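Colleague: Just dropping this structure here.
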Amino acid sequence: MYYALFILLLIVLFCTVFSCIRRKKVICRIKCMDKCQKCSLLEELAVPFGYAYHCRCGFFSSTTDAWQKAAGYTWLYDYMAPRFQMVFDALPVYFDYCGRTWLIELWKGQYGINTGAEIGIYHADRILAKSEYKTTLFDAAKDHEMLPCTLRLTKKGEDYVELSERHWWLTAFLPGCFSTPSELTLEASICFPNTQMSSAFYEGLLQAGCCREDISIQGLCICVTFCVPVSENFGPLTRFHRWLSQRLNRMYCKLFVWVTRPFVQTQDRVLYLYYFLPSCFRRLLRLHRFHRRCHRKNGCHRPKCCRTCRPRRGD
């Protein structure tokens, strides 16, 4: 018995020493890299997950050719999100235009250890009845259907991130930041190709319950201030998952800051995870796990990308 305990202590000691040595090497490696090298590496690492890294502001955003585009959108993604540590407020806006029902949805909240926001643009292949909204799989807007969007996220009046791009799914995710959805305000601006589409979207906003005071119109661009969700009809099980996920998210954010404590810059912290805890790095960028599983289940249209993103053994 004493012999087994001695062997166990030796193993623990060896693992501790090995971890300390490896940690120091990782810290030294990152400190020896200049900012351009760090940003270039992060950009390369984020692409297979469907994201780009903005080095100047320290956040991730989705790319226009992200693999998530082939998965489209359905209400089930939002419903299941709290089960995967994604707790957000959502504002879905449905409207009919050019023989199809369109959906432009706004999100803001906590995505694992990331505070973030999204603007998604989707459409069905025909005009839908209201009863079909939650059962339809919407297609993402094609390249020629993408719209110029601006996303500005603030927390308690403090600017977090601002991003403008012509997109079908404009996003911004800040690693290591914890927020409750109620603390966040999303100011979204979307520019439309003609007055028919902008008017239809405006009517959709009113039908979704938005106050006129939260909507401003500048030509063909409509700006929406999304602070308080129109309705929160969550069932008891969903409320429990949201509560539990937020407790876990807060803990993981503190753990992220503690583990990466040799650094203060976002790019340094994320690279530290990549070199020292690669499985945690992959979890950091897996922002739509249920969305991804549905995508594979229904058939992947981009198998090469999915192979690149597939979790490694032991993840």
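In the structure tokens, each chain is lettered A, B, ... as it comes, each chain's residues begin at 1, and ligands are numbered from 1 in order of appearance.
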Quick one: contact table of region 22-92 of chain A to region 162-173 of chain A, 8 Å max, nearest atom pair and distance in Å to one decimal per residue, counting only C-alpha atoms, chain and number order, as JSON lines?
Modeller:
{"residue": "A:Phe59", "atom": "CA", "partner": "A:Phe173", "partner_atom": "CA", "distance": 5.5}
{"residue": "A:Phe60", "atom": "CA", "partner": "A:Phe173", "partner_atom": "CA", "distance": 5.1}
{"residue": "A:Ser61", "atom": "CA", "partner": "A:Ala172", "partner_atom": "CA", "distance": 4.6}
{"residue": "A:Ser62", "atom": "CA", "partner": "A:Thr171", "partner_atom": "CA", "distance": 5.7}
{"residue": "A:Thr64", "atom": "CA", "partner": "A:His167", "partner_atom": "CA", "distance": 6.1}
Colleague: Take the residues from that selection and put them in a file with C-alpha atoms, as a CSV table (one decimal), in the first residue's frame.
Modeller:
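Written out: part-v2.csv:
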chain,number,residue,atom,x,y,z
A,59,PHE,CA,-13.0,40.0,-30.8
A,60,PHE,CA,-14.2,37.2,-33.2
A,61,SER,CA,-16.8,37.6,-35.9
A,62,SER,CA,-18.3,35.3,-38.5
A,64,THR,CA,-19.4,35.5,-45.1
Colleague: Could you name the residues that touch Thr101 (chain A) at 7 Å or less, counting only C-alpha atoms, but leaving out those on the same chain fewer than 3 positions away, as a list in words?
Modeller: Tyr94, Phe95, Asp96, Tyr97, His123, Ala124, Arg126, Ile127 and Leu128 of chain A
Colleague: Give me the residues near region 86-93 of chain A as an MDAnalysis selection string, where near means some atom within 9 Å (using only C-alpha atoms) and where sequence neighbours in that chain fewer than 6 positions away do not count.
Modeller: chainID A and resid 78 80 102:112 116:117 180:182 201 204:208 226:230 232 241:243 245:246 249 287:288
Colleague: Grab the residues selected above and save them as a JSON list (two decimals), in the first residue's frame with N, CA and C atoms.
Modeller:
[["chain", "number", "residue", "atom", "x", "y", "z"],
["A", 78, "ASP", "N", -32.56, 28.27, -31.30],
["A", 78, "ASP", "CA", -32.67, 29.18, -30.16],
["A", 78, "ASP", "C", -33.21, 28.46, -28.93],
["A", 80, "MET", "N", -32.84, 25.35, -28.06],
["A", 80, "MET", "CA", -31.86, 24.45, -27.47],
["A", 80, "MET", "C", -30.61, 25.17, -26.97],
["A", 102, "TRP", "N", -39.28, 36.46, -45.08],
["A", 102, "TRP", "CA", -37.92, 36.72, -44.62],
["A", 102, "TRP", "C", -37.88, 36.76, -43.09],
["A", 103, "LEU", "N", -36.74, 36.46, -42.56],
["A", 103, "LEU", "CA", -36.50, 36.54, -41.11],
["A", 103, "LEU", "C", -35.18, 37.27, -40.89],
["A", 104, "ILE", "N", -35.26, 38.39, -40.21],
["A", 104, "ILE", "CA", -34.05, 39.09, -39.75],
["A", 104, "ILE", "C", -34.12, 39.08, -38.23],
["A", 105, "GLU", "N", -33.14, 38.43, -37.63],
["A", 105, "GLU", "CA", -33.19, 38.25, -36.17],
["A", 105, "GLU", "C", -31.96, 38.88, -35.50],
["A", 106, "LEU", "N", -32.21, 39.46, -34.34],
["A", 106, "LEU", "CA", -31.15, 40.07, -33.52],
["A", 106, "LEU", "C", -30.98, 39.24, -32.26],
["A", 107, "TRP", "N", -29.72, 39.07, -31.85],
["A", 107, "TRP", "CA", -29.41, 38.35, -30.61],
["A", 107, "TRP", "C", -28.38, 39.14, -29.82],
["A", 108, "LYS", "N", -28.43, 39.05, -28.51],
["A", 108, "LYS", "CA", -27.41, 39.63, -27.63],
["A", 108, "LYS", "C", -27.39, 38.83, -26.34],
["A", 109, "GLY", "N", -26.19, 38.56, -25.84],
["A", 109, "GLY", "CA", -26.12, 37.80, -24.60],
["A", 109, "GLY", "C", -24.78, 37.14, -24.39],
["A", 110, "GLN", "N", -24.82, 36.02, -23.67],
["A", 110, "GLN", "CA", -23.61, 35.30, -23.28],
["A", 110, "GLN", "C", -23.53, 33.98, -24.03],
["A", 111, "TYR", "N", -22.40, 33.77, -24.71],
["A", 111, "TYR", "CA", -22.15, 32.56, -25.49],
["A", 111, "TYR", "C", -20.96, 31.83, -24.87],
["A", 112, "GLY", "N", -21.22, 31.01, -23.86],
["A", 112, "GLY", "CA", -20.12, 30.37, -23.17],
["A", 112, "GLY", "C", -19.33, 31.41, -22.41],
["A", 116, "GLY", "N", -21.52, 38.50, -26.60],
["A", 116, "GLY", "CA", -21.62, 38.76, -28.03],
["A", 116, "GLY", "C", -22.99, 39.20, -28.49],
["A", 117, "ALA", "N", -23.06, 39.44, -29.81],
["A", 117, "ALA", "CA", -24.31, 39.86, -30.45],
["A", 117, "ALA", "C", -24.29, 39.37, -31.89],
["A", 180, "THR", "N", -24.92, 39.54, -18.40],
["A", 180, "THR", "CA", -26.28, 39.05, -18.47],
["A", 180, "THR", "C", -26.94, 39.76, -19.66],
["A", 181, "PRO", "N", -27.84, 39.10, -20.37],
["A", 181, "PRO", "CA", -28.46, 39.74, -21.55],
["A", 181, "PRO", "C", -29.11, 41.08, -21.24],
["A", 182, "SER", "N", -29.67, 41.22, -20.03],
["A", 182, "SER", "CA", -30.36, 42.47, -19.68],
["A", 182, "SER", "C", -29.40, 43.64, -19.56],
["A", 201, "PHE", "N", -39.88, 45.37, -43.68],
["A", 201, "PHE", "CA", -39.13, 45.10, -42.44],
["A", 201, "PHE", "C", -39.64, 45.99, -41.32],
["A", 204, "GLY", "N", -42.70, 44.58, -40.02],
["A", 204, "GLY", "CA", -42.37, 43.39, -39.25],
["A", 204, "GLY", "C", -41.88, 43.73, -37.85],
["A", 205, "LEU", "N", -41.12, 44.81, -37.73],
["A", 205, "LEU", "CA", -40.65, 45.26, -36.41],
["A", 205, "LEU", "C", -41.83, 45.63, -35.51],
["A", 206, "LEU", "N", -42.79, 46.34, -36.07],
["A", 206, "LEU", "CA", -43.95, 46.74, -35.29],
["A", 206, "LEU", "C", -44.77, 45.52, -34.87],
["A", 207, "GLN", "N", -44.92, 44.56, -35.79],
["A", 207, "GLN", "CA", -45.66, 43.34, -35.45],
["A", 207, "GLN", "C", -44.93, 42.50, -34.42],
["A", 208, "ALA", "N", -43.60, 42.61, -34.40],
["A", 208, "ALA", "CA", -42.81, 41.88, -33.40],
["A", 208, "ALA", "C", -42.90, 42.51, -32.02],
["A", 226, "PHE", "N", -32.14, 47.47, -29.52],
["A", 226, "PHE", "CA", -32.67, 46.27, -28.86],
["A", 226, "PHE", "C", -32.08, 46.19, -27.46],
["A", 227, "CYS", "N", -32.92, 46.52, -26.50],
["A", 227, "CYS", "CA", -32.47, 46.51, -25.10],
["A", 227, "CYS", "C", -33.24, 45.48, -24.28],
["A", 228, "VAL", "N", -34.56, 45.64, -24.25],
["A", 228, "VAL", "CA", -35.41, 44.74, -23.48],
["A", 228, "VAL", "C", -36.19, 43.87, -24.46],
["A", 229, "PRO", "N", -36.17, 42.55, -24.31],
["A", 229, "PRO", "CA", -36.92, 41.68, -25.23],
["A", 229, "PRO", "C", -38.42, 41.95, -25.13],
["A", 230, "VAL", "N", -39.09, 41.80, -26.27],
["A", 230, "VAL", "CA", -40.52, 42.08, -26.32],
["A", 230, "VAL", "C", -41.28, 41.15, -25.39],
["A", 232, "GLU", "N", -40.76, 37.27, -22.94],
["A", 232, "GLU", "CA", -39.91, 36.18, -22.46],
["A", 232, "GLU", "C", -40.81, 35.06, -21.93],
["A", 241, "HIS", "N", -32.45, 25.97, -17.35],
["A", 241, "HIS", "CA", -31.23, 25.84, -18.16],
["A", 241, "HIS", "C", -30.53, 27.19, -18.31],
["A", 242, "ARG", "N", -31.29, 28.25, -18.48],
["A", 242, "ARG", "CA", -30.67, 29.59, -18.58],
["A", 242, "ARG", "C", -29.97, 29.94, -17.27],
["A", 243, "TRP", "N", -30.62, 29.68, -16.14],
["A", 243, "TRP", "CA", -30.01, 29.98, -14.84],
["A", 243, "TRP", "C", -28.74, 29.16, -14.64],
["A", 245, "SER", "N", -26.85, 27.64, -16.92],
["A", 245, "SER", "CA", -25.83, 27.99, -17.90],
["A", 245, "SER", "C", -25.11, 29.27, -17.52],
["A", 246, "GLN", "N", -25.84, 30.25, -17.00],
["A", 246, "GLN", "CA", -25.20, 31.50, -16.62],
["A", 246, "GLN", "C", -24.27, 31.30, -15.42],
["A", 249, "ASN", "N", -21.28, 29.77, -16.99],
["A", 249, "ASN", "CA", -20.57, 30.76, -17.81],
["A", 249, "ASN", "C", -19.75, 31.70, -16.95],
["A", 287, "LEU", "N", -19.22, 28.07, -30.88],
["A", 287, "LEU", "CA", -20.25, 28.94, -30.35],
["A", 287, "LEU", "C", -21.67, 28.49, -30.68],
["A", 288, "HIS", "N", -21.82, 27.51, -31.56],
["A", 288, "HIS", "CA", -23.15, 27.01, -31.92],
["A", 288, "HIS", "C", -23.08, 25.50, -32.00]]
Colleague: What is the distance between CA of Leu41 (chain A) and CA of Val270 (chain A), in Å to one decimal?
Modeller: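 Atom-to-atom, CA of Leu41 (chain A) and CA of Val270 (chain A) are spaced 10.8 Å apart.
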Colleague: Just list as number ranges by chain whatever in region 104-284 of chain A DSSP marks as helix (DSSP H, G or I).
Modeller: A: 130-132, 143-145, 181-183, 195-207, 212-214, 236-259, 266-276, 278-284
Colleague: Give the answer as one residue: which of A:Ser179, A:Asn194, A:Thr266, A:Ser40 has the shortest atom-to-atom distance to Leu147 (chain A), using only C-alpha atoms?
Modeller: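 Of all the options, A:Asn194 lies closest to Leu147 (chain A).
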Colleague: For a quick check of understanding, using only C-alpha atoms, which of A:Arg29, A:Gly58, A:Cys210, A:Ser198 has the smallest distance to Leu42 (chain A)?
Modeller: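 Looking at the shortest contact to Leu42 (chain A), the residue is A:Gly58.
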Colleague: If you run DSSP on the backbone here, which positions in region 209-279 of chain A get strand (DSSP E)? Please write them as a list in words.
Modeller: Ile215, Ser216, Ile217, Gln218, Cys221, Ile222, Cys223, Val224, Thr225 and Phe226 of chain A
Colleague: Can you write just those residues out, C-alpha atoms, as a PDB file, in the first residue's frame?
Modeller:
ATOM      1  CA  ILE A 215     -36.723  52.522 -34.482  1.00  0.00           C
ATOM      2  CA  SER A 216     -35.192  55.221 -36.652  1.00  0.00           C
ATOM      3  CA  ILE A 217     -35.208  55.471 -40.441  1.00  0.00           C
ATOM      4  CA  GLN A 218     -32.497  57.104 -42.516  1.00  0.00           C
ATOM      5  CA  CYS A 221     -31.476  52.152 -43.625  1.00  0.00           C
ATOM      6  CA  ILE A 222     -33.420  51.171 -40.513  1.00  0.00           C
ATOM      7  CA  CYS A 223     -31.806  51.374 -37.087  1.00  0.00           C
ATOM      8  CA  VAL A 224     -33.168  49.322 -34.181  1.00  0.00           C
ATOM      9  CA  THR A 225     -32.223  49.658 -30.511  1.00  0.00           C
ATOM     10  CA  PHE A 226     -32.666  46.269 -28.864  1.00  0.00           C
TER      11      PHE A 226
END
Colleague: I'd like the neighbourhood of Thr260 (chain A) as a list in words, where a residue qualifies if any of its atoms comes within 7 Å (using only C-alpha atoms), though same-chain residues fewer than 3 positions away should be ignored.
Modeller: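 Contacts, in chain order: Phe256, Val257, Phe263, Arg269 and Tyr272 of chain A.
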